[in-house]
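The file entry36.csv comes next; it holds CSV, C-alpha atoms.
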chain,number,residue,atom,x,y,z
A,34,MET,CA,-78.2,104.5,161.0
A,35,THR,CA,-76.6,102.5,163.8
A,36,PHE,CA,-75.5,99.9,161.2
A,37,LEU,CA,-73.9,102.6,159.0
A,38,GLU,CA,-72.1,104.0,162.0
A,39,LEU,CA,-70.9,100.6,163.1
A,40,PHE,CA,-69.7,99.8,159.6
A,41,TRP,CA,-68.0,103.1,159.1
A,42,SER,CA,-66.3,103.1,162.5
A,43,PHE,CA,-64.8,99.6,162.0
A,44,PHE,CA,-63.9,100.4,158.4
A,45,GLN,CA,-61.7,103.2,159.8
A,46,ILE,CA,-60.2,100.8,162.4
A,47,GLY,CA,-59.5,98.3,159.7
A,48,LEU,CA,-58.0,100.9,157.4
A,49,PHE,CA,-55.7,102.6,159.9
A,50,SER,CA,-54.4,99.6,162.0
A,51,ILE,CA,-51.1,98.9,160.3
A,52,GLY,CA,-48.8,96.5,162.0
A,53,GLY,CA,-51.5,94.4,163.5
A,54,GLY,CA,-52.1,93.2,167.0
A,55,ASN,CA,-51.7,95.6,169.9
A,56,ALA,CA,-50.7,98.4,167.6
A,57,SER,CA,-54.4,98.8,166.8
A,58,LEU,CA,-55.6,99.1,170.4
A,59,PRO,CA,-55.4,102.9,170.8
A,60,LEU,CA,-57.3,103.3,167.5
A,61,ILE,CA,-60.1,100.9,168.6
A,62,GLN,CA,-60.3,102.7,171.9
A,63,ALA,CA,-60.6,106.1,170.3
A,64,GLN,CA,-63.4,104.9,168.1
A,65,ILE,CA,-65.4,102.7,170.4
A,66,VAL,CA,-64.9,104.3,173.9
A,67,GLU,CA,-64.2,107.9,173.2
A,68,LEU,CA,-66.0,108.8,170.0
A,69,HIS,CA,-69.1,106.7,170.2
A,70,GLY,CA,-69.3,105.6,173.8
A,71,TRP,CA,-70.3,102.1,172.7
A,72,LEU,CA,-68.2,100.5,175.5
A,73,SER,CA,-67.0,101.8,178.8
A,74,MET,CA,-63.3,101.8,179.6
A,75,THR,CA,-63.8,98.7,181.8
A,76,GLU,CA,-65.6,96.9,179.1
A,77,PHE,CA,-62.9,97.8,176.7
A,78,ALA,CA,-60.3,96.4,179.1
A,79,ASP,CA,-62.4,93.2,179.2
A,80,ILE,CA,-62.5,92.9,175.5
A,81,VAL,CA,-58.7,93.2,175.4
A,82,ALA,CA,-58.5,90.4,178.0
A,83,ILE,CA,-61.0,88.3,176.0
A,84,ALA,CA,-58.9,88.8,172.9
A,85,GLU,CA,-56.0,87.5,174.8
A,86,ILE,CA,-57.7,84.2,175.8
A,87,THR,CA,-59.5,83.6,172.5
A,88,PRO,CA,-58.2,82.9,169.1
A,89,GLY,CA,-58.5,85.5,166.3
A,90,PRO,CA,-57.3,89.0,165.6
A,91,ILE,CA,-58.2,91.7,168.1
A,92,GLY,CA,-59.9,93.8,165.4
A,93,ILE,CA,-62.3,91.1,164.5
A,94,ASN,CA,-62.9,90.2,168.2
A,95,SER,CA,-63.8,93.8,169.2
A,96,ALA,CA,-65.9,94.1,166.1
A,97,THR,CA,-67.9,91.1,167.1
A,98,PHE,CA,-68.1,92.1,170.7
A,99,VAL,CA,-69.3,95.7,170.0
A,100,GLY,CA,-71.5,94.7,167.2
A,101,THR,CA,-73.3,92.1,169.3
A,102,LYS,CA,-73.8,94.6,172.1
A,103,ILE,CA,-75.2,97.3,169.9
A,104,ALA,CA,-77.3,95.4,167.4
A,105,GLY,CA,-77.1,91.6,168.1
A,106,LEU,CA,-75.8,89.2,165.5
A,107,PRO,CA,-76.5,91.4,162.5
A,108,GLY,CA,-74.5,94.1,164.2
A,109,ALA,CA,-71.6,91.7,164.7
A,110,ILE,CA,-71.6,90.8,161.0
A,111,VAL,CA,-71.8,94.4,159.8
A,112,ALA,CA,-69.0,95.5,162.1
A,113,THR,CA,-66.8,92.6,161.1
A,114,LEU,CA,-67.4,93.3,157.4
A,115,GLY,CA,-66.4,96.9,158.0
A,116,CYS,CA,-63.2,95.8,159.7
A,117,ILE,CA,-62.0,93.5,156.9
A,118,LEU,CA,-63.2,95.5,153.8
A,119,PRO,CA,-60.2,97.8,153.7
A,120,SER,CA,-57.9,94.8,153.9
A,121,CYS,CA,-59.7,93.1,151.0
A,122,ILE,CA,-59.4,96.0,148.7
A,123,ILE,CA,-55.8,96.9,149.5
A,124,VAL,CA,-54.4,93.4,149.8
A,125,LEU,CA,-56.0,92.3,146.5
A,126,THR,CA,-54.6,95.4,144.8
A,127,LEU,CA,-51.1,94.6,146.1
A,128,ALA,CA,-51.5,90.9,145.1
A,129,TYR,CA,-52.3,92.0,141.6
A,130,PHE,CA,-49.1,94.2,141.3
A,131,TYR,CA,-47.1,91.4,143.0
A,132,LYS,CA,-48.2,89.0,140.3
A,133,LYS,CA,-47.4,91.4,137.5
A,134,LEU,CA,-44.1,92.7,138.8
A,135,LYS,CA,-42.7,89.7,140.7
A,136,ASP,CA,-40.1,88.9,138.1
A,137,HIS,CA,-38.9,92.4,137.5
A,138,PRO,CA,-35.3,92.8,138.6
A,139,LEU,CA,-36.0,95.8,140.8
A,140,MET,CA,-38.9,93.9,142.5
A,141,GLN,CA,-36.7,90.9,142.9
A,142,GLY,CA,-34.2,93.2,144.8
A,143,VAL,CA,-37.0,94.5,147.0
A,144,LEU,CA,-38.4,91.1,147.8
A,145,GLY,CA,-34.9,89.7,148.4
A,146,GLY,CA,-34.3,92.4,151.0
A,147,LEU,CA,-37.7,92.0,152.6
A,148,ARG,CA,-37.4,88.2,153.3
A,149,PRO,CA,-34.7,88.6,156.0
A,150,ALA,CA,-36.6,91.4,157.6
A,151,VAL,CA,-39.7,89.2,157.8
A,152,VAL,CA,-37.6,86.5,159.6
A,153,SER,CA,-36.7,89.2,162.1
A,154,LEU,CA,-40.3,90.2,162.6
A,155,ILE,CA,-41.3,86.6,163.3
A,156,THR,CA,-38.4,86.1,165.7
A,157,SER,CA,-39.3,89.2,167.5
A,158,ALA,CA,-43.0,88.1,167.9
A,159,GLY,CA,-41.8,84.7,169.1
A,160,LEU,CA,-39.4,86.2,171.7
A,161,GLY,CA,-42.2,88.3,173.1
A,162,ILE,CA,-44.3,85.2,173.7
A,163,LEU,CA,-41.3,83.2,175.0
A,164,VAL,CA,-40.6,85.9,177.6
A,165,LEU,CA,-44.2,85.6,178.9
A,166,VAL,CA,-43.7,81.8,179.1
A,167,LEU,CA,-40.3,81.9,181.0
A,168,PHE,CA,-41.1,84.9,183.2
A,169,PRO,CA,-44.9,85.0,183.8
A,170,ALA,CA,-44.5,87.4,186.7
A,171,GLY,CA,-42.7,89.9,184.5
A,172,ALA,CA,-39.1,90.2,183.1
A,173,GLY,CA,-36.4,90.0,185.7
A,174,THR,CA,-38.4,87.7,188.1
A,175,SER,CA,-37.5,84.1,188.7
A,176,ILE,CA,-37.7,81.7,185.8
A,177,ASP,CA,-40.8,79.4,185.4
A,178,TYR,CA,-39.4,75.9,185.1
A,179,ILE,CA,-42.6,74.3,183.9
A,180,GLY,CA,-42.9,76.8,181.1
A,181,CYS,CA,-39.3,76.3,180.2
A,182,CYS,CA,-39.6,72.5,180.0
A,183,LEU,CA,-42.8,72.8,178.0
A,184,PHE,CA,-41.1,75.1,175.5
A,185,VAL,CA,-38.0,72.9,175.1
A,186,LEU,CA,-40.2,69.8,174.8
A,187,SER,CA,-42.5,71.3,172.2
A,188,PHE,CA,-39.6,72.7,170.3
A,189,ILE,CA,-37.9,69.3,170.1
A,190,VAL,CA,-41.1,67.6,169.0
A,191,MET,CA,-41.6,70.3,166.3
A,192,ARG,CA,-38.0,69.9,165.0
A,193,ILE,CA,-38.0,66.1,164.9
A,194,TRP,CA,-41.5,64.9,164.0
A,195,LYS,CA,-42.8,68.1,162.3
A,196,PRO,CA,-46.4,67.4,163.4
A,197,ASN,CA,-49.4,69.7,162.8
A,198,PRO,CA,-48.6,72.7,165.0
A,199,ILE,CA,-52.1,72.8,166.4
A,200,TYR,CA,-51.5,69.5,168.2
A,201,VAL,CA,-48.3,70.8,169.7
A,202,MET,CA,-50.1,73.9,171.0
A,203,LEU,CA,-53.0,71.9,172.4
A,204,GLY,CA,-50.7,69.2,173.8
A,205,SER,CA,-48.5,71.8,175.5
A,206,GLY,CA,-51.6,73.5,176.9
A,207,LEU,CA,-53.1,70.3,178.4
A,208,LEU,CA,-49.7,69.1,179.8
A,209,GLY,CA,-49.2,72.6,181.2
A,210,MET,CA,-52.7,72.6,182.8
A,211,GLY,CA,-51.8,69.4,184.5
A,212,CYS,CA,-48.4,70.5,185.7
A,213,TYR,CA,-49.5,74.0,186.8
A,214,LEU,CA,-52.4,72.7,188.8
A,215,LEU,CA,-50.8,69.5,190.3
A,216,LEU,CA,-47.2,70.5,190.9
A,217,PRO,CA,-46.5,72.7,193.9
B,507,MET,CA,-69.5,66.3,130.0
B,508,LYS,CA,-67.8,63.9,132.3
B,509,LYS,CA,-64.6,65.9,132.2
B,510,GLU,CA,-66.6,69.0,133.1
B,511,LYS,CA,-68.1,67.3,136.1
B,512,LYS,CA,-64.7,66.2,137.2
B,513,LYS,CA,-63.3,69.7,136.9
B,514,ASN,CA,-66.2,71.0,139.0
B,515,GLU,CA,-65.6,68.4,141.6
B,516,LYS,CA,-61.9,69.4,141.8
B,517,LYS,CA,-62.8,73.1,142.1
B,518,LYS,CA,-65.3,72.3,144.9
B,519,ASN,CA,-62.5,70.4,146.7
B,520,LEU,CA,-60.1,73.3,146.3
B,521,TYR,CA,-62.7,75.7,147.8
B,522,TRP,CA,-63.4,73.3,150.6
B,523,THR,CA,-59.7,72.8,151.4
B,524,LEU,CA,-59.2,76.6,151.4
B,525,PHE,CA,-62.1,77.1,153.7
B,526,SER,CA,-61.5,74.2,156.1
B,527,SER,CA,-57.7,74.9,156.4
B,528,THR,CA,-58.1,78.5,157.2
B,529,PHE,CA,-61.0,77.8,159.6
B,530,MET,CA,-59.0,75.3,161.6
B,531,ILE,CA,-55.9,77.6,161.6
B,532,SER,CA,-57.9,80.6,162.7
B,533,ALA,CA,-59.6,78.7,165.4
B,534,PHE,CA,-56.3,78.0,167.0
B,535,THR,CA,-54.4,81.2,166.4
B,536,PHE,CA,-54.0,82.4,170.0
B,537,GLY,CA,-51.8,85.4,170.5
B,538,GLY,CA,-52.7,87.0,167.2
B,539,GLY,CA,-50.5,88.6,164.6
B,540,PHE,CA,-47.6,86.6,163.4
B,541,VAL,CA,-48.6,83.4,165.1
B,542,ILE,CA,-50.7,82.6,162.1
B,543,ILE,CA,-47.7,82.7,159.7
B,544,PRO,CA,-46.1,79.4,160.9
B,545,LEU,CA,-49.5,77.7,160.8
B,546,LEU,CA,-50.3,78.8,157.3
B,547,ARG,CA,-46.7,77.9,156.2
B,548,LYS,CA,-47.0,74.4,157.7
B,549,LYS,CA,-50.4,73.8,155.9
B,550,PHE,CA,-49.9,75.5,152.5
B,551,VAL,CA,-46.1,75.2,152.0
B,552,ALA,CA,-45.1,72.0,153.9
B,553,ASP,CA,-48.2,69.8,153.8
B,554,LEU,CA,-50.1,70.8,150.6
B,555,GLY,CA,-47.1,72.1,148.7
B,556,TRP,CA,-49.3,74.7,147.0
B,557,ILE,CA,-47.1,77.7,147.7
B,558,ASP,CA,-43.3,77.8,147.8
B,559,GLU,CA,-41.2,79.1,150.7
B,560,GLN,CA,-40.2,82.4,149.0
B,561,GLU,CA,-43.6,83.3,148.0
B,562,MET,CA,-44.9,82.6,151.5
B,563,MET,CA,-42.3,85.1,152.8
B,564,ASP,CA,-43.3,87.7,150.2
B,565,MET,CA,-47.0,87.2,151.2
B,566,THR,CA,-46.0,87.7,154.8
B,567,ALA,CA,-44.3,91.0,154.0
B,568,ILE,CA,-47.4,92.2,152.0
B,569,ALA,CA,-49.8,91.0,154.7
B,570,GLN,CA,-47.7,92.8,157.4
B,571,SER,CA,-47.4,96.1,155.6
B,572,SER,CA,-51.1,96.3,154.6
B,573,PRO,CA,-53.6,97.7,157.0
B,574,GLY,CA,-55.9,95.3,158.9
B,575,PRO,CA,-55.3,92.1,160.8
B,576,ILE,CA,-52.3,90.1,159.5
B,577,ALA,CA,-54.3,86.9,159.7
B,578,VAL,CA,-57.0,88.2,157.4
B,579,ASN,CA,-54.5,89.8,155.0
B,580,ALA,CA,-52.5,86.6,154.7
B,581,SER,CA,-55.6,84.5,154.2
B,582,ILE,CA,-56.8,86.8,151.4
B,583,LEU,CA,-53.4,86.5,149.7
B,584,ILE,CA,-53.4,82.7,149.8
B,585,GLY,CA,-57.1,82.3,148.7
B,586,ASN,CA,-56.5,84.8,145.9
B,587,ARG,CA,-53.3,83.0,144.8
B,588,MET,CA,-55.0,79.6,144.7
B,589,ALA,CA,-58.4,80.4,143.2
B,590,GLY,CA,-58.8,84.1,142.5
B,591,PHE,CA,-61.5,86.3,144.1
B,592,LYS,CA,-63.7,83.3,145.0
B,593,GLY,CA,-60.8,81.7,146.7
B,594,ALA,CA,-60.2,84.8,148.7
B,595,LEU,CA,-63.8,84.8,149.8
B,596,MET,CA,-63.5,81.2,151.0
B,597,THR,CA,-60.4,82.0,153.1
B,598,ILE,CA,-61.8,85.2,154.5
B,599,LEU,CA,-64.9,83.3,155.7
B,600,GLY,CA,-62.7,80.6,157.1
B,601,THR,CA,-60.6,83.1,159.0
B,602,VAL,CA,-63.4,85.3,160.3
B,603,LEU,CA,-66.0,82.7,161.3
B,604,PRO,CA,-64.1,81.2,164.3
B,605,PRO,CA,-63.5,84.5,166.2
B,606,LEU,CA,-67.1,85.6,165.3
B,607,ILE,CA,-68.6,82.4,166.8
B,608,ILE,CA,-66.2,82.2,169.7
B,609,ILE,CA,-66.6,85.8,170.8
B,610,SER,CA,-70.3,85.6,170.5
B,611,LEU,CA,-70.3,82.6,172.9
B,612,VAL,CA,-67.5,83.9,175.2
B,613,SER,CA,-69.1,87.3,175.8
B,614,ILE,CA,-72.0,85.4,177.5
B,615,VAL,CA,-69.8,83.4,179.9
B,616,TYR,CA,-66.9,85.8,180.1
B,617,ALA,CA,-66.7,86.3,183.9
B,618,ALA,CA,-66.6,82.6,184.6
B,619,ILE,CA,-63.8,82.1,182.0
B,620,ARG,CA,-61.8,85.1,183.2
B,621,ASP,CA,-61.5,83.9,186.8
B,622,SER,CA,-61.0,80.2,186.1
B,623,ILE,CA,-57.6,78.8,187.2
B,624,TYR,CA,-58.0,76.0,184.7
B,625,VAL,CA,-58.3,78.3,181.8
B,626,ALA,CA,-55.3,80.3,183.0
B,627,ALA,CA,-53.2,77.2,183.4
B,628,LEU,CA,-54.2,75.9,180.0
B,629,LEU,CA,-53.4,79.2,178.3
B,630,GLN,CA,-50.0,79.5,180.1
B,631,GLY,CA,-49.2,76.0,178.8
B,632,MET,CA,-50.4,76.8,175.3
B,633,ARG,CA,-48.2,79.8,175.1
B,634,ALA,CA,-45.1,77.6,175.5
B,635,GLY,CA,-46.3,75.5,172.5
B,636,VAL,CA,-47.0,78.7,170.5
B,637,ALA,CA,-43.5,79.9,171.2
B,638,ALA,CA,-42.0,76.6,170.1
B,639,VAL,CA,-44.0,76.6,166.9
B,640,ILE,CA,-42.7,80.0,166.1
B,641,PHE,CA,-39.1,79.2,166.9
B,642,ASP,CA,-39.3,76.1,164.7
B,643,VAL,CA,-40.1,78.4,161.8
B,644,VAL,CA,-37.5,80.9,162.8
B,645,VAL,CA,-34.7,78.3,162.8
B,646,SER,CA,-35.7,77.0,159.4
B,647,LEU,CA,-36.0,80.4,157.8
B,648,GLY,CA,-33.0,81.9,159.6
B,649,TRP,CA,-30.8,79.0,158.5
B,650,ASN,CA,-31.9,79.5,154.9
B,651,ILE,CA,-30.7,83.1,155.0
B,652,LEU,CA,-27.4,82.4,157.0
B,653,LYS,CA,-26.3,79.6,154.7
B,654,GLN,CA,-26.3,81.8,151.6
B,655,LYS,CA,-23.4,83.6,153.3
B,656,GLN,CA,-24.2,87.0,151.8
B,657,TRP,CA,-23.6,89.9,154.1
B,658,LEU,CA,-26.5,92.1,153.0
B,659,PRO,CA,-29.4,89.8,153.9
B,660,ILE,CA,-27.7,88.8,157.2
B,661,ALA,CA,-27.2,92.5,158.0
B,662,ILE,CA,-30.8,93.3,157.2
B,663,MET,CA,-31.9,90.4,159.4
B,664,VAL,CA,-29.8,91.6,162.4
B,665,VAL,CA,-30.6,95.3,162.1
B,666,ALA,CA,-34.4,94.6,161.6
B,667,PHE,CA,-34.4,92.4,164.6
B,668,VAL,CA,-32.7,94.9,166.9
B,669,LEU,CA,-35.0,97.7,165.6
B,670,THR,CA,-38.2,95.6,166.2
B,671,TYR,CA,-37.4,93.8,169.4
B,672,PHE,CA,-35.2,96.3,171.3
B,673,VAL,CA,-36.2,99.7,169.8
B,674,LYS,CA,-39.8,98.6,169.4
B,675,ILE,CA,-40.3,100.2,166.0
B,676,ASN,CA,-43.7,99.4,164.3
B,677,ALA,CA,-43.3,96.4,162.0
B,678,ALA,CA,-44.9,98.3,159.1
B,679,PHE,CA,-42.1,100.9,159.2
B,680,ILE,CA,-39.5,98.1,159.2
B,681,ILE,CA,-41.1,96.6,156.0
B,682,LEU,CA,-41.4,100.0,154.3
B,683,GLY,CA,-37.9,101.0,155.2
B,684,THR,CA,-36.3,97.7,154.1
B,685,ALA,CA,-38.3,97.9,150.8
B,686,LEU,CA,-37.0,101.4,150.1
B,687,LEU,CA,-33.4,100.4,151.0
B,688,SER,CA,-33.5,97.3,148.8
B,689,LEU,CA,-35.1,99.3,146.0
B,690,ILE,CA,-32.2,101.8,146.1
B,691,ILE,CA,-29.6,99.0,146.2
B,692,ALA,CA,-31.2,97.1,143.4
B,693,TRP,CA,-31.5,100.3,141.4
B,694,PHE,CA,-27.8,101.1,141.7
B,695,GLY,CA,-26.9,97.5,141.2
B,696,GLN,CA,-28.7,97.5,137.9
B,697,LYS,CA,-27.1,100.7,136.8
B,698,GLY,CA,-23.7,99.4,137.7
B,699,MET,CA,-24.3,96.3,135.6
B,700,VAL,CA,-25.4,98.4,132.6
B,701,LYS,CA,-22.2,100.5,132.9
B,702,LYS,CA,-20.0,97.4,133.0
B,703,ALA,CA,-21.7,96.0,129.9
Exercise: express the given structure as structure tokens:
Amino acid sequence: MTFLELFWSFFQIGLFSIGGGNASLPLIQAQIVELHGWLSMTEFADIVAIAEITPGPIGINSATFVGTKIAGLPGAIVATLGCILPSCIIVLTLAYFYKKLKDHPLMQGVLGGLRPAVVSLITSAGLGILVLVLFPAGAGTSIDYIGCCLFVLSFIVMRIWKPNPIYVMLGSGLLGMGCYLLLP
Amino acid sequence: MKKEKKKNEKKKNLYWTLFSSTFMISAFTFGGGFVIIPLLRKKFVADLGWIDEQEMMDMTAIAQSSPGPIAVNASILIGNRMAGFKGALMTILGTVLPPLIIISLVSIVYAAIRDSIYVAALLQGMRAGVAAVIFDVVVSLGWNILKQKQWLPIAIMVVAFVLTYFVKINAAFIILGTALLSLIIAWFGQKGMVKKA
């Protein structure tokens, strides 16, 4: 019964979290904290913090965290499955229609319009992170020079040598760790 | 017989590449959401050349406007595109395993990690790298749109940016709204052409 509840709860979270990322936080909170009482509000705040410092989507992270707490590893797997199943069904259906209709003139028009919008969405996500880098204490406070230098340096490296982005992210992280801890 | 064996080998390689690529990418997608798009693009468009730039953008739009995590949605699309349902299973596994493993481990030592100044400094440094990786893609993609010198895509880009970044409208609505608008424009464009002919 617990497994079924876990599965169903995260199925709903997966199904209704459109827009990804923090847009799904209220939904996860409603299911996990308020409806089922699987986590306290403090624990929920912790899982948000954990999701910040670990890779992976917040939906999957909270599914693993809650599942482990309720029913160990099997619980984590069941909750994660519930979370991704709606995606699988809907995305595969859309992929099917995309393949069929891709070359239709109307579809071409729609996709042609969507591409610039996607660029804007990516820009917006990037700017959100850049603000955190430049003004760690909040917008309007003094600029963080280390973060600024790291960003410019990483950007130049990306543009010129086009390395695997993972190395740039790791390199910037390690260099940043050195600078933040050693420089006054 | 030999050919069959070779074909099987090739397929195994394809599955393995799909799994290992998404696994590596998922293990490093700090920040969630769109951060995974530049990484997938680098791997599957630039390095492997399996998917072209336009199709990657289309997949991004589909992944964004579908429910569920963008990272999972985008991986499903790529896996399905390269090797059907089995391919999608490979990329789902690759995307889901890293957070599953990491969260299981982290929840044990969470308190120590949360209060560590080393971890905080490392993460602050990594954010700068993540921002740079994203802007690298933004410059490439944005330039592609600007150099066509057509007013409609540029207008869509500017308006969509203002609406997401300043007005904070949910990205899914931006996609749906743009799709509807483009459909109407394409519809009338087509009608106009029929009339002319």
Box for range 541-544 of chain B: with edges along x, y and z, all listed atoms inside and 3 Å added on each side, what are the centre and edge lengths in Å to one decimal, as AutoDock Vina command-line options?
--center_x -48.4 --center_y 81.4 --center_z 162.4 --size_x 10.6 --size_y 10.0 --size_z 11.4
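Taking all atoms listed in the file into account, chain B lies nearest to A:Arg148 out of the set A:His137, A:Lys195, A:Arg148, A:His69.
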Please, which residues in chain A fall within 6 Å of chain B when counting only C-alpha atoms, and what is the closest atom pair and distance in Å to one decimal for each, ordered by chain then residue number, as a Markdown table?
| residue | atom | partner | partner_atom | distance |
| --- | --- | --- | --- | --- |
| A:Gly47 | CA | B:Gly574 | CA | 4.8 |
| A:Leu48 | CA | B:Pro573 | CA | 5.5 |
| A:Ser50 | CA | B:Pro573 | CA | 5.4 |
| A:Ile51 | CA | B:Pro573 | CA | 4.3 |
| A:Gly52 | CA | B:Ala678 | CA | 5.2 |
| A:Gly53 | CA | B:Pro575 | CA | 5.2 |
| A:Gly54 | CA | B:Gly539 | CA | 5.4 |
| A:Pro88 | CA | B:Phe536 | CA | 4.3 |
| A:Gly89 | CA | B:Pro605 | CA | 5.1 |
| A:Pro90 | CA | B:Gly538 | CA | 5.3 |
| A:Thr97 | CA | B:Leu606 | CA | 5.8 |
| A:Ser120 | CA | B:Gly574 | CA | 5.4 |
| A:Leu139 | CA | B:Ala692 | CA | 5.6 |
| A:Gly142 | CA | B:Ala692 | CA | 5.1 |
| A:Val143 | CA | B:Ser688 | CA | 4.8 |
| A:Gly146 | CA | B:Ser688 | CA | 5.4 |
| A:Arg148 | CA | B:Met563 | CA | 5.8 |
| A:Pro149 | CA | B:Met663 | CA | 4.8 |
| A:Ala150 | CA | B:Met663 | CA | 5.1 |
| A:Ser153 | CA | B:Phe667 | CA | 4.7 |
| A:Ser157 | CA | B:Tyr671 | CA | 5.3 |
| A:Gly159 | CA | B:Ala637 | CA | 5.5 |
| A:Ile162 | CA | B:Ala637 | CA | 5.9 |
| A:Leu163 | CA | B:Ala637 | CA | 5.5 |
| A:Val166 | CA | B:Ala634 | CA | 5.7 |
| A:Leu183 | CA | B:Ala634 | CA | 5.9 |
| A:Phe184 | CA | B:Ala634 | CA | 4.7 |
| A:Ser187 | CA | B:Gly635 | CA | 5.7 |
| A:Phe188 | CA | B:Ala638 | CA | 4.6 |
| A:Val201 | CA | B:Gly635 | CA | 5.8 |
| A:Met202 | CA | B:Gly635 | CA | 4.4 |
| A:Ser205 | CA | B:Gly635 | CA | 5.2 |
| A:Gly206 | CA | B:Met632 | CA | 3.9 |
| A:Leu207 | CA | B:Leu628 | CA | 5.9 |
| A:Gly209 | CA | B:Gly631 | CA | 4.2 |
| A:Met210 | CA | B:Leu628 | CA | 4.6 |
| A:Tyr213 | CA | B:Ala627 | CA | 6.0 |
Work out how far CA of Glu76 in chain A is from CA of Ser42 in chain A, in Å to one decimal.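 Computed distance, CA of Ser42 in chain A to CA of Glu76 in chain A, equals 17.7 Å.
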